[in-house]
>>> print(open('protein25.pdb').read())   # PDB, C-alpha atoms
ATOM      1  CA  MET A 424     -13.748 -18.021   8.508
ATOM      2  CA  GLN A 425     -12.208 -19.321   5.303
ATOM      3  CA  GLN A 426     -10.373 -16.140   4.463
ATOM      4  CA  ASN A 427      -8.111 -16.733   7.480
ATOM      5  CA  LYS A 428      -6.367 -19.400   5.414
ATOM      6  CA  ILE A 429      -5.096 -16.700   3.094
ATOM      7  CA  ILE A 430      -4.510 -13.758   5.382
ATOM      8  CA  MET A 431      -1.278 -13.756   7.314
ATOM      9  CA  LEU A 432      -2.490 -15.057  10.662
ATOM     10  CA  PRO A 433      -2.380 -18.837  10.159
ATOM     11  CA  PHE A 434       1.197 -19.140   8.975
ATOM     12  CA  LEU A 435       2.891 -15.954  10.143
ATOM     13  CA  ARG A 436       2.326 -16.646  13.801
ATOM     14  CA  ASN A 437       4.811 -19.513  13.516
ATOM     15  CA  ALA A 438       7.129 -18.016  10.933
ATOM     16  CA  GLY A 439      10.376 -18.871  12.700
ATOM     17  CA  THR A 440      13.832 -18.904  11.243
ATOM     18  CA  ASP A 441      13.686 -22.650  10.598
ATOM     19  CA  ASN A 442      10.279 -22.696   8.955
ATOM     20  CA  LYS A 443      10.547 -20.536   5.835
ATOM     21  CA  ALA A 444      10.204 -23.336   3.299
ATOM     22  CA  ASN A 445       7.101 -24.651   5.057
ATOM     23  CA  THR A 446       5.714 -21.116   5.176
ATOM     24  CA  LEU A 447       6.040 -20.675   1.413
ATOM     25  CA  ASN A 448       4.660 -24.142   0.684
ATOM     26  CA  LEU A 449       1.612 -23.454   2.847
ATOM     27  CA  ALA A 450       1.034 -20.091   1.185
ATOM     28  CA  TYR A 451       1.093 -21.646  -2.278
ATOM     29  CA  LYS A 452      -1.129 -24.523  -1.148
ATOM     30  CA  ASN A 453      -3.706 -22.067   0.179
ATOM     31  CA  LEU A 454      -3.571 -20.070  -3.037
ATOM     32  CA  GLU A 455      -4.395 -23.136  -5.124
ATOM     33  CA  GLU A 456      -7.687 -23.519  -3.288
ATOM     34  CA  TYR A 457      -8.783 -19.981  -4.205
ATOM     35  CA  PHE A 458      -7.516 -19.579  -7.760
ATOM     36  CA  SER A 459      -9.612 -21.627 -10.159
ATOM     37  CA  ASP A 460      -8.329 -23.341 -13.284
ATOM     38  CA  ASP A 461      -9.843 -20.646 -15.494
ATOM     39  CA  TYR A 462      -7.842 -17.853 -13.845
ATOM     40  CA  ASP A 463      -6.050 -15.842 -16.523
ATOM     41  CA  TYR A 464      -2.511 -15.505 -15.244
ATOM     42  CA  GLY A 465      -1.637 -13.652 -18.411
ATOM     43  CA  GLU A 466      -3.412 -10.591 -17.014
ATOM     44  CA  ASP A 467      -0.698 -10.061 -14.409
ATOM     45  CA  ILE A 468       2.329  -9.129 -16.467
ATOM     46  CA  LYS A 469       4.521  -7.446 -13.868
ATOM     47  CA  ILE A 470       3.616  -9.480 -10.777
ATOM     48  CA  PRO A 471       5.210 -12.753 -12.003
ATOM     49  CA  ASN A 472       8.458 -10.882 -12.629
ATOM     50  CA  GLU A 473       8.410  -9.581  -9.057
ATOM     51  CA  LEU A 474       7.786 -13.083  -7.734
ATOM     52  CA  ASN A 475      10.551 -14.541  -9.878
ATOM     53  CA  ASN A 476      13.021 -11.915  -8.690
ATOM     54  CA  ILE A 477      12.194 -12.545  -5.042
ATOM     55  CA  ILE A 478      12.452 -16.322  -5.392
ATOM     56  CA  SER A 479      15.758 -15.938  -7.252
ATOM     57  CA  ASN A 480      17.075 -13.768  -4.422
ATOM     58  CA  ILE A 481      16.049 -16.346  -1.828
ATOM     59  CA  HIS A 482      17.704 -19.113  -3.825
ATOM     60  CA  GLY A 483      20.893 -17.122  -4.341
ATOM     61  CA  GLU A 484      21.174 -16.192  -0.672
ATOM     62  CA  SER A 485      20.631 -19.787   0.420
ATOM     63  CA  GLN A 486      23.350 -20.938  -1.997
ATOM     64  CA  LEU A 487      25.800 -18.436  -0.516
ATOM     65  CA  ILE A 488      25.101 -19.775   2.958
ATOM     66  CA  GLU A 489      25.506 -23.342   1.723
ATOM     67  CA  LEU A 490      28.856 -22.565   0.067
ATOM     68  CA  TYR A 491      30.034 -20.783   3.181
ATOM     69  CA  ALA A 492      28.993 -23.704   5.386
ATOM     70  CA  HIS A 493      30.975 -26.165   3.238
ATOM     71  CA  SER A 494      34.085 -24.011   3.089
ATOM     72  CA  SER A 495      37.047 -24.423   5.405
ATOM     73  CA  LYS A 496      36.739 -20.878   6.723
ATOM     74  CA  ARG A 497      35.730 -20.152  10.279
ATOM     75  CA  TYR A 498      32.117 -19.166  10.619
ATOM     76  CA  ASP A 499      31.451 -15.442  10.513
ATOM     77  CA  GLN A 500      28.290 -15.077  12.576
ATOM     78  CA  GLU A 501      27.578 -11.578  11.281
ATOM     79  CA  TYR A 502      27.747 -12.779   7.678
ATOM     80  CA  ILE A 503      25.415 -15.702   8.363
ATOM     81  CA  LYS A 504      23.013 -13.461  10.263
ATOM     82  CA  ARG A 505      22.956 -10.922   7.422
ATOM     83  CA  GLU A 506      22.223 -13.560   4.780
ATOM     84  CA  VAL A 507      19.520 -15.219   6.889
ATOM     85  CA  ASN A 508      17.894 -11.826   7.452
ATOM     86  CA  LEU A 509      17.858 -11.199   3.702
ATOM     87  CA  ILE A 510      16.116 -14.529   3.198
ATOM     88  CA  LYS A 511      13.550 -13.606   5.849
ATOM     89  CA  GLN A 512      12.910 -10.240   4.241
ATOM     90  CA  ASN A 513      12.444 -11.765   0.802
ATOM     91  CA  CYS A 514      10.052 -14.321   2.280
ATOM     92  CA  PHE A 515       8.000 -11.472   3.722
ATOM     93  CA  LYS A 516       7.985  -9.785   0.303
ATOM     94  CA  LEU A 517       6.757 -12.992  -1.277
ATOM     95  CA  ILE A 518       4.050 -13.500   1.343
ATOM     96  CA  LYS A 519       2.910  -9.894   0.848
ATOM     97  CA  ILE A 520       2.402 -10.337  -2.891
ATOM     98  CA  ILE A 521       0.699 -13.709  -2.450
ATOM     99  CA  ASN A 522      -1.675 -12.339   0.192
ATOM    100  CA  HIS A 523      -2.520  -9.268  -1.870
ATOM    101  CA  LEU A 524      -3.172 -11.321  -4.998
ATOM    102  CA  ALA A 525      -5.367 -13.691  -3.012
ATOM    103  CA  ASP A 526      -7.329 -10.799  -1.490
ATOM    104  CA  LEU A 527      -7.733  -9.242  -4.927
ATOM    105  CA  ARG A 528      -9.056 -12.496  -6.349
ATOM    106  CA  MET A 529     -11.468 -12.949  -3.442
ATOM    107  CA  SER A 530     -12.675  -9.371  -3.876
ATOM    108  CA  GLU A 531     -13.492 -10.139  -7.518
ATOM    109  CA  LYS A 532     -15.526 -13.140  -6.399
ATOM    110  CA  LYS A 533     -17.180 -11.171  -3.540
ATOM    111  CA  ARG A 534     -15.737 -13.588  -1.001
ATOM    112  CA  LEU A 535     -14.085 -11.123   1.376
ATOM    113  CA  GLU A 536     -16.152 -10.783   4.546
ATOM    114  CA  LEU A 537     -15.973  -8.476   7.540
ATOM    115  CA  CYS A 538     -15.270  -9.558  11.097
ATOM    116  CA  VAL A 539     -16.219  -6.463  13.071
ATOM    117  CA  SER A 540     -15.747  -5.512  16.693
ATOM    118  CA  ASN A 541     -16.540  -2.401  18.692
ATOM    119  CA  VAL A 542     -13.243  -0.715  19.538
ATOM    120  CA  ASN A 543     -11.634   2.531  20.599
ATOM    121  CA  ILE A 544     -10.473   3.644  17.164
ATOM    122  CA  VAL A 545      -8.046   6.201  18.636
ATOM    123  CA  GLU A 546      -6.292   3.466  20.600
ATOM    124  CA  ILE A 547      -6.114   1.221  17.528
ATOM    125  CA  ILE A 548      -4.590   3.961  15.341
ATOM    126  CA  GLU A 549      -2.202   5.104  18.069
ATOM    127  CA  ASN A 550      -0.963   1.567  18.683
ATOM    128  CA  LEU A 551      -0.433   1.022  14.960
ATOM    129  CA  VAL A 552       1.535   4.260  14.541
ATOM    130  CA  ILE A 553       3.716   3.591  17.605
ATOM    131  CA  ASN A 554       4.587   0.072  16.488
ATOM    132  CA  THR A 555       5.183   1.166  12.898
ATOM    133  CA  SER A 556       7.459   3.989  14.065
ATOM    134  CA  ARG A 557       9.691   1.476  15.828
ATOM    135  CA  HIS A 558      10.442  -0.088  12.450
ATOM    136  CA  THR A 559      10.840   3.239  10.646
ATOM    137  CA  LYS A 560      13.016   4.956  13.256
ATOM    138  CA  GLY A 561      10.338   7.362  14.470
ATOM    139  CA  ASN A 562       9.474   9.091  11.186
ATOM    140  CA  ILE A 563       5.692   8.757  11.615
ATOM    141  CA  ILE A 564       3.944  11.310  13.840
ATOM    142  CA  LEU A 565       0.344  11.058  15.088
ATOM    143  CA  ASP A 566      -1.862  14.056  15.869
ATOM    144  CA  THR A 567      -5.418  13.530  17.156
ATOM    145  CA  ASN A 568      -8.162  15.774  18.504
ATOM    146  CA  GLU A 569      -9.676  13.096  20.784
ATOM    147  CA  GLU A 570      -8.405  10.351  23.081
ATOM    148  CA  GLU A 571     -11.388   8.028  22.774
ATOM    149  CA  LYS A 572     -13.984   7.120  20.182
ATOM    150  CA  PHE A 573     -15.755   3.762  20.074
ATOM    151  CA  MET A 574     -16.973   2.463  16.746
ATOM    152  CA  THR A 575     -17.379  -0.805  14.866
ATOM    153  CA  CYS A 576     -14.789  -1.885  12.323
ATOM    154  CA  ASP A 577     -12.844  -4.873  11.056
ATOM    155  CA  ILE A 578      -9.541  -4.310  12.841
ATOM    156  CA  ASN A 579      -7.459  -6.598  10.660
ATOM    157  CA  LYS A 580      -8.624  -5.077   7.373
ATOM    158  CA  LEU A 581      -8.330  -1.532   8.721
ATOM    159  CA  GLN A 582      -4.768  -2.144   9.904
ATOM    160  CA  LYS A 583      -3.803  -3.697   6.588
ATOM    161  CA  ALA A 584      -5.227  -0.778   4.594
ATOM    162  CA  LEU A 585      -3.463   1.764   6.812
ATOM    163  CA  LEU A 586      -0.134  -0.056   6.655
ATOM    164  CA  ILE A 587      -0.332  -0.101   2.855
ATOM    165  CA  LEU A 588      -0.883   3.670   2.794
ATOM    166  CA  LEU A 589       1.845   4.344   5.381
ATOM    167  CA  SER A 590       4.416   2.208   3.578
ATOM    168  CA  THR A 591       3.553   3.888   0.264
ATOM    169  CA  ALA A 592       3.855   7.331   1.859
ATOM    170  CA  LEU A 593       7.209   6.581   3.468
ATOM    171  CA  LYS A 594       8.600   5.072   0.280
ATOM    172  CA  HIS A 595       7.702   8.135  -1.814
ATOM    173  CA  SER A 596       8.266  10.948   0.707
ATOM    174  CA  ARG A 597      11.112  13.373   0.126
ATOM    175  CA  ASP A 598      12.277  13.734   3.731
ATOM    176  CA  LYS A 599      10.897  10.468   5.208
ATOM    177  CA  GLU A 600       8.567  12.378   7.556
ATOM    178  CA  ILE A 601       4.924  11.270   7.689
ATOM    179  CA  LEU A 602       2.171  13.127   9.554
ATOM    180  CA  VAL A 603      -0.905  11.120  10.528
ATOM    181  CA  LYS A 604      -3.766  13.385  11.602
ATOM    182  CA  LEU A 605      -6.834  11.744  13.151
ATOM    183  CA  ASN A 606      -9.971  13.897  13.411
ATOM    184  CA  ILE A 607     -13.004  12.578  15.255
ATOM    185  CA  PHE A 608     -16.470  13.815  14.295
ATOM    186  CA  LYS A 609     -19.876  12.824  15.593
ATOM    187  CA  ASP A 610     -20.753  10.581  12.658
ATOM    188  CA  ARG A 611     -17.347   9.709  11.183
ATOM    189  CA  VAL A 612     -13.591   9.602  11.647
ATOM    190  CA  ARG A 613     -11.133  11.130   9.202
ATOM    191  CA  LEU A 614      -7.493  10.159   8.880
ATOM    192  CA  ASP A 615      -5.071  12.253   6.815
ATOM    193  CA  ILE A 616      -1.661  10.783   5.969
ATOM    194  CA  SER A 617       0.468  13.605   4.546
ATOM    195  CA  PHE A 618       4.053  13.764   3.311
ATOM    196  CA  ASN A 619       6.310  15.923   1.138
ATOM    197  CA  ASN A 620       6.608  14.748  -2.456
ATOM    198  CA  LYS A 621       9.651  13.513  -4.285
ATOM    199  CA  ASP A 622       7.845  14.420  -7.514
ATOM    200  CA  LYS A 623       5.281  17.177  -8.102
ATOM    201  CA  LYS A 624       3.217  14.786 -10.261
ATOM    202  CA  LEU A 625       2.979  12.187  -7.500
ATOM    203  CA  LYS A 626      -0.595  13.063  -6.475
ATOM    204  CA  ASP A 627      -2.052  12.354  -9.931
ATOM    205  CA  PHE A 628       0.157   9.283 -10.264
ATOM    206  CA  PHE A 629      -1.238   7.797  -7.036
ATOM    207  CA  ARG A 630      -4.803   8.714  -7.967
ATOM    208  CA  ASP A 631      -4.550   6.866 -11.273
ATOM    209  CA  LYS A 632      -3.005   3.826  -9.586
ATOM    210  CA  MET A 633      -5.744   3.721  -6.952
ATOM    211  CA  ASP A 634      -8.794   4.550  -9.049
ATOM    212  CA  LYS A 635      -7.886   3.134 -12.463
ATOM    213  CA  PRO A 636      -5.809  -0.028 -12.016
ATOM    214  CA  SER A 637      -5.009  -1.741 -15.292
ATOM    215  CA  TYR A 638      -5.239  -5.515 -15.167
ATOM    216  CA  ASP A 639      -3.232  -5.631 -18.397
ATOM    217  CA  ASP A 640      -0.331  -3.836 -16.708
ATOM    218  CA  LEU A 641      -0.727  -4.668 -13.026
ATOM    219  CA  ASP A 642       2.187  -3.729 -10.777
ATOM    220  CA  GLY A 643       2.807  -3.878  -7.047
ATOM    221  CA  LEU A 644       1.816  -0.266  -6.329
ATOM    222  CA  SER A 645      -1.479  -0.524  -8.240
ATOM    223  CA  LEU A 646      -2.299  -3.721  -6.380
ATOM    224  CA  ASP A 647      -1.452  -2.175  -2.995
ATOM    225  CA  LEU A 648      -3.452   1.035  -3.445
ATOM    226  CA  PHE A 649      -6.453  -0.635  -5.046
ATOM    227  CA  LEU A 650      -6.576  -3.207  -2.241
ATOM    228  CA  SER A 651      -6.315  -0.530   0.446
ATOM    229  CA  LYS A 652      -9.238   1.363  -1.071
ATOM    230  CA  TYR A 653     -11.280  -1.823  -1.418
ATOM    231  CA  LEU A 654     -10.712  -2.914   2.206
ATOM    232  CA  ILE A 655     -11.923   0.464   3.467
ATOM    233  CA  GLY A 656     -14.840   0.459   1.025
ATOM    234  CA  LEU A 657     -15.988  -2.854   2.505
ATOM    235  CA  GLN A 658     -16.519  -0.957   5.751
ATOM    236  CA  GLU A 659     -18.576   1.772   4.048
ATOM    237  CA  GLY A 660     -15.594   4.097   4.107
ATOM    238  CA  CYS A 661     -13.574   5.790   1.393
ATOM    239  CA  VAL A 662      -9.960   6.571   0.513
ATOM    240  CA  SER A 663      -8.889   9.474  -1.677
ATOM    241  CA  VAL A 664      -5.697  11.203  -2.800
ATOM    242  CA  GLY A 665      -5.235  14.961  -2.478
ATOM    243  CA  GLY A 666      -2.589  17.594  -1.856
ATOM    244  CA  ASN A 667      -0.584  19.896  -4.104
ATOM    245  CA  GLU A 668       2.664  19.935  -6.073
ATOM    246  CA  GLY A 669       4.752  19.790  -2.906
ATOM    247  CA  GLN A 670       2.664  17.506  -0.734
ATOM    248  CA  THR A 671       0.507  14.401  -1.092
ATOM    249  CA  VAL A 672      -2.302  13.476   1.304
ATOM    250  CA  PHE A 673      -4.039  10.118   1.596
ATOM    251  CA  THR A 674      -7.434  10.731   3.217
ATOM    252  CA  LEU A 675      -9.358   7.876   4.792
ATOM    253  CA  GLU A 676     -12.882   8.277   6.171
ATOM    254  CA  LEU A 677     -14.991   5.745   8.062
ATOM    255  CA  PRO A 678     -18.543   6.097   9.409
ATOM    256  CA  CYS A 679     -18.972   5.806  13.178
ATOM    257  CA  ASN A 680     -21.363   2.879  13.234
ATOM    258  CA  ASN A 681     -21.423   2.216  16.967
ATOM    259  CA  LYS A 682     -24.059  -0.493  17.325
ATOM    260  CA  ASP A 683     -23.082  -1.726  20.769
ATOM    261  CA  SER A 684     -21.778  -0.115  23.944
ATOM    262  CA  VAL A 685     -19.634  -3.145  24.805
ATOM    263  CA  HIS A 686     -16.010  -3.341  23.724
ATOM    264  CA  TYR A 687     -15.310  -6.807  22.370
ATOM    265  CA  LEU A 688     -11.647  -7.290  23.210
ATOM    266  CA  TYR A 689     -10.321  -9.562  20.493
ATOM    267  CA  TRP A 690      -6.728 -10.708  20.803
ATOM    268  CA  LYS A 691      -5.786  -8.702  17.710
ATOM    269  CA  ASP A 692      -6.697  -5.466  19.527
ATOM    270  CA  THR A 693      -3.648  -5.661  21.745
ATOM    271  CA  ASP A 694      -1.425  -8.369  20.257
ATOM    272  CA  ASN A 695       1.606  -6.375  19.164
ATOM    273  CA  GLU A 696       3.415  -9.491  17.987
ATOM    274  CA  TYR A 697       0.691 -10.037  15.386
ATOM    275  CA  LEU A 698       0.780  -6.353  14.411
ATOM    276  CA  ASP A 699       4.574  -6.445  14.135
ATOM    277  CA  ARG A 700       4.281  -9.280  11.627
ATOM    278  CA  GLN A 701       1.834  -7.241   9.573
ATOM    279  CA  ILE A 702       4.227  -4.287   9.648
ATOM    280  CA  GLN A 703       7.193  -6.429   8.628
ATOM    281  CA  ILE A 704       5.226  -7.711   5.649
ATOM    282  CA  GLU A 705       3.770  -4.433   4.388
ATOM    283  CA  PHE A 706       7.115  -2.619   4.822
ATOM    284  CA  SER A 707       9.228  -5.479   3.469
ATOM    285  CA  ASP A 708       9.865  -3.736   0.127
ATOM    286  CA  PHE A 709      12.325  -1.252   1.592
ATOM    287  CA  LEU A 710      12.855  -1.973   5.303
ATOM    288  CA  ASN A 711      14.764  -4.837   6.864
ATOM    289  CA  PRO A 712      12.390  -5.968   9.640
ATOM    290  CA  TYR A 713      15.291  -7.472  11.573
ATOM    291  CA  ASP A 714      17.542  -4.414  11.831
TER     292      ASP A 714
END
>>> encode(input="protein25.pdb", output="structure tokens")
Amino acid sequence: MQQNKIIMLPFLRNAGTDNKANTLNLAYKNLEEYFSDDYDYGEDIKIPNELNNIISNIHGESQLIELYAHSSKRYDQEYIKREVNLIKQNCFKLIKIINHLADLRMSEKKRLELCVSNVNIVEIIENLVINTSRHTKGNIILDTNEEEKFMTCDINKLQKALLILLSTALKHSRDKEILVKLNIFKDRVRLDISFNNKDKKLKDFFRDKMDKPSYDDLDGLSLDLFLSKYLIGLQEGCVSVGGNEGQTVFTLELPCNNKDSVHYLYWKDTDNEYLDRQIQIEFSDFLNPYD
């Protein structure tokens, strides 16, 4: 499938410490194939500034390492490790923005397609929460009323949408505690991601960002939330924002379209290394994935 050239899989699987420049070059090369010459880059006012800041950070960190390497001082391994980790994190930030912009562009051209499999949705959500909690020091709690429910979905797009919502919730929560409640019904599944607000106006703020993104003033949060809603909408589901002055709730619903009794075990069902890469990218704005 052509979209695999843009999504993280092709180049993140080999994103080693010695391959960051090649990773960025490949990402840009793939982008050129999807963005036509008539694309109006002037629409995205804030995104280029974010990209420029990230690239400047990468360049500055690499210069510090270079100066340190050419100095007469003995090598401080902790210093080198810290600077290399900052470069890695900024690369993940850059890849996140590039991937999201590419997905947004493909959504405009109706080129995003589903790759569905029949899976135990409870297992998928549980595995995602457990792996995400390892990177967020256990601040995400899962509560479910069932242990098994088979349904068809695009695992990759579902995981990406959920990680966007979880990272947004953690970033804006007052006490860094996130409750994920999974309710299984006969014809649908419902997932509530709730957290205590930093700001009593946060619910309306998120709703406007998700439902009314402005292409004249596009920022990272608008892009994230709009993309999350679109990826779930592709699967005939919906995402909404609710809550009150003290709490915000992201609610995600998907229909239980179980068209086959066989579980197609794709590698992405159980490949935690792949999922870890997704987590490191979607949480790269405020978490160091190499702590």
>>> closest_residue(input="protein25.pdb", among="A:Glu484, A:Asp634, A:Glu600, A:Asp708", to="Ser556 (chain A)", atoms="all atoms listed in the file")
A:Glu600
>>> residues_around(input="protein25.pdb", residues="Phe618 (chain A)", least_positions_apart="3", cutoff="12 Å", atoms="all atoms listed in the file", output="MDAnalysis selection string")
chainID A and resid 562:564 588:604 615 621:623 625:626 664:674
>>> closest_residue(input="protein25.pdb", among="A:Leu646, A:Phe608, A:Gln703, A:Val662", to="Ile521 (chain A)", atoms="all atoms listed in the file")
A:Leu646
>>> closest_residue(input="protein25.pdb", among="A:Lys519, A:Lys652, A:Arg557, A:Lys609", to="Leu581 (chain A)", atoms="only C-alpha atoms")
A:Lys652
>>> resolve_selection(input="protein25.pdb", expression="the PyMOL selection byres ((chain A and resi 610) around 9)", output="short mmCIF file (atom, residue, chain, number, x, y, z; two decimals) with C-alpha atoms, in the coordinates of the input")
data_model
loop_
_atom_site.label_atom_id
_atom_site.label_comp_id
_atom_site.auth_asym_id
_atom_site.auth_seq_id
_atom_site.Cartn_x
_atom_site.Cartn_y
_atom_site.Cartn_z
CA ILE A 607 -13.00 12.58 15.26
CA PHE A 608 -16.47 13.82 14.30
CA LYS A 609 -19.88 12.82 15.59
CA ARG A 611 -17.35 9.71 11.18
CA VAL A 612 -13.59 9.60 11.65
CA LEU A 677 -14.99 5.74 8.06
CA PRO A 678 -18.54 6.10 9.41
CA CYS A 679 -18.97 5.81 13.18
CA ASN A 680 -21.36 2.88 13.23
#
>>> closest_residue(input="protein25.pdb", among="A:Ile704, A:Leu535, A:Phe709, A:Asn579", to="Ile518 (chain A)", atoms="all atoms listed in the file")
A:Ile704
>>> atom_distance(input="protein25.pdb", atom1="CA of Thr567 (chain A)", atom2="CA of Phe628 (chain A)")
28.3 Å
>>> atom_distance(input="protein25.pdb", atom1="CA of Asn619 (chain A)", atom2="CA of Lys632 (chain A)")
18.7 Å
>>> atom_distance(input="protein25.pdb", atom1="CA of Ile548 (chain A)", atom2="CA of Glu659 (chain A)")
18.1 Å
>>> closest_residue(input="protein25.pdb", among="A:Ser617, A:Asn550, A:Ser663, A:Asn508", to="Leu648 (chain A)", atoms="all atoms listed in the file")
A:Ser663
>>> closest_residue(input="protein25.pdb", among="A:Leu657, A:Ile478, A:Leu527, A:Leu586", to="Val552 (chain A)", atoms="only C-alpha atoms")
A:Leu586
>>> residues_around(input="protein25.pdb", residues="Asp526 (chain A)", least_positions_apart="2", cutoff="10 Å", atoms="all atoms listed in the file", output="list of chain:residue names")
A:Gln426, A:Ile429, A:Ile430, A:Tyr457, A:Ile520, A:Ile521, A:Asn522, A:His523, A:Leu524, A:Arg528, A:Met529, A:Ser530, A:Glu531, A:Lys532, A:Arg534, A:Leu535, A:Leu646, A:Leu650, A:Tyr653, A:Leu654
>>> decode(input="protein25.pdb", residues="region 524-545 of chain A", atoms="N, CA and C atoms", output="short mmCIF file (atom, residue, chain, number, x, y, z; two decimals), in the first residue's frame")
data_model
loop_
_atom_site.label_atom_id
_atom_site.label_comp_id
_atom_site.auth_asym_id
_atom_site.auth_seq_id
_atom_site.Cartn_x
_atom_site.Cartn_y
_atom_site.Cartn_z
N LEU A 524 1.27 15.96 8.66
CA LEU A 524 0.99 16.79 7.50
C LEU A 524 0.71 15.94 6.27
N ALA A 525 1.48 14.86 6.11
CA ALA A 525 1.28 13.98 4.97
C ALA A 525 -0.08 13.29 5.04
N ASP A 526 -0.46 12.83 6.24
CA ASP A 526 -1.78 12.21 6.41
C ASP A 526 -2.89 13.21 6.14
N LEU A 527 -2.70 14.44 6.61
CA LEU A 527 -3.71 15.47 6.37
C LEU A 527 -3.88 15.73 4.88
N ARG A 528 -2.76 15.81 4.17
CA ARG A 528 -2.82 16.06 2.73
C ARG A 528 -3.50 14.89 2.01
N MET A 529 -3.16 13.67 2.41
CA MET A 529 -3.78 12.50 1.78
C MET A 529 -5.27 12.42 2.10
N SER A 530 -5.65 12.88 3.29
CA SER A 530 -7.08 12.89 3.63
C SER A 530 -7.83 13.86 2.74
N GLU A 531 -7.21 15.00 2.42
CA GLU A 531 -7.84 15.98 1.53
C GLU A 531 -8.04 15.39 0.14
N LYS A 532 -7.11 14.56 -0.29
CA LYS A 532 -7.18 13.96 -1.62
C LYS A 532 -7.89 12.61 -1.61
N LYS A 533 -8.45 12.21 -0.45
CA LYS A 533 -9.17 10.94 -0.31
C LYS A 533 -8.27 9.75 -0.65
N ARG A 534 -7.02 9.82 -0.21
CA ARG A 534 -6.07 8.77 -0.55
C ARG A 534 -5.73 7.87 0.64
N LEU A 535 -6.25 8.18 1.81
CA LEU A 535 -6.03 7.31 2.96
C LEU A 535 -6.97 6.11 2.88
N GLU A 536 -6.42 4.91 2.99
CA GLU A 536 -7.20 3.70 2.89
C GLU A 536 -7.05 2.87 4.16
N LEU A 537 -8.05 2.03 4.40
CA LEU A 537 -8.03 1.17 5.58
C LEU A 537 -7.39 -0.17 5.27
N CYS A 538 -6.69 -0.70 6.26
CA CYS A 538 -6.16 -2.07 6.19
C CYS A 538 -6.67 -2.77 7.45
N VAL A 539 -7.83 -3.41 7.34
CA VAL A 539 -8.52 -3.91 8.52
C VAL A 539 -8.16 -5.36 8.82
N SER A 540 -8.28 -5.70 10.09
CA SER A 540 -8.14 -7.08 10.54
C SER A 540 -9.14 -7.30 11.67
N ASN A 541 -9.44 -8.54 11.93
CA ASN A 541 -10.39 -8.90 12.98
C ASN A 541 -9.60 -9.20 14.25
N VAL A 542 -9.76 -8.37 15.27
CA VAL A 542 -8.90 -8.46 16.45
C VAL A 542 -9.72 -8.39 17.74
N ASN A 543 -9.08 -8.81 18.82
CA ASN A 543 -9.64 -8.62 20.15
C ASN A 543 -9.34 -7.18 20.56
N ILE A 544 -10.34 -6.32 20.47
CA ILE A 544 -10.13 -4.90 20.70
C ILE A 544 -9.69 -4.61 22.13
N VAL A 545 -10.14 -5.43 23.09
CA VAL A 545 -9.74 -5.24 24.48
C VAL A 545 -8.24 -5.47 24.63
#
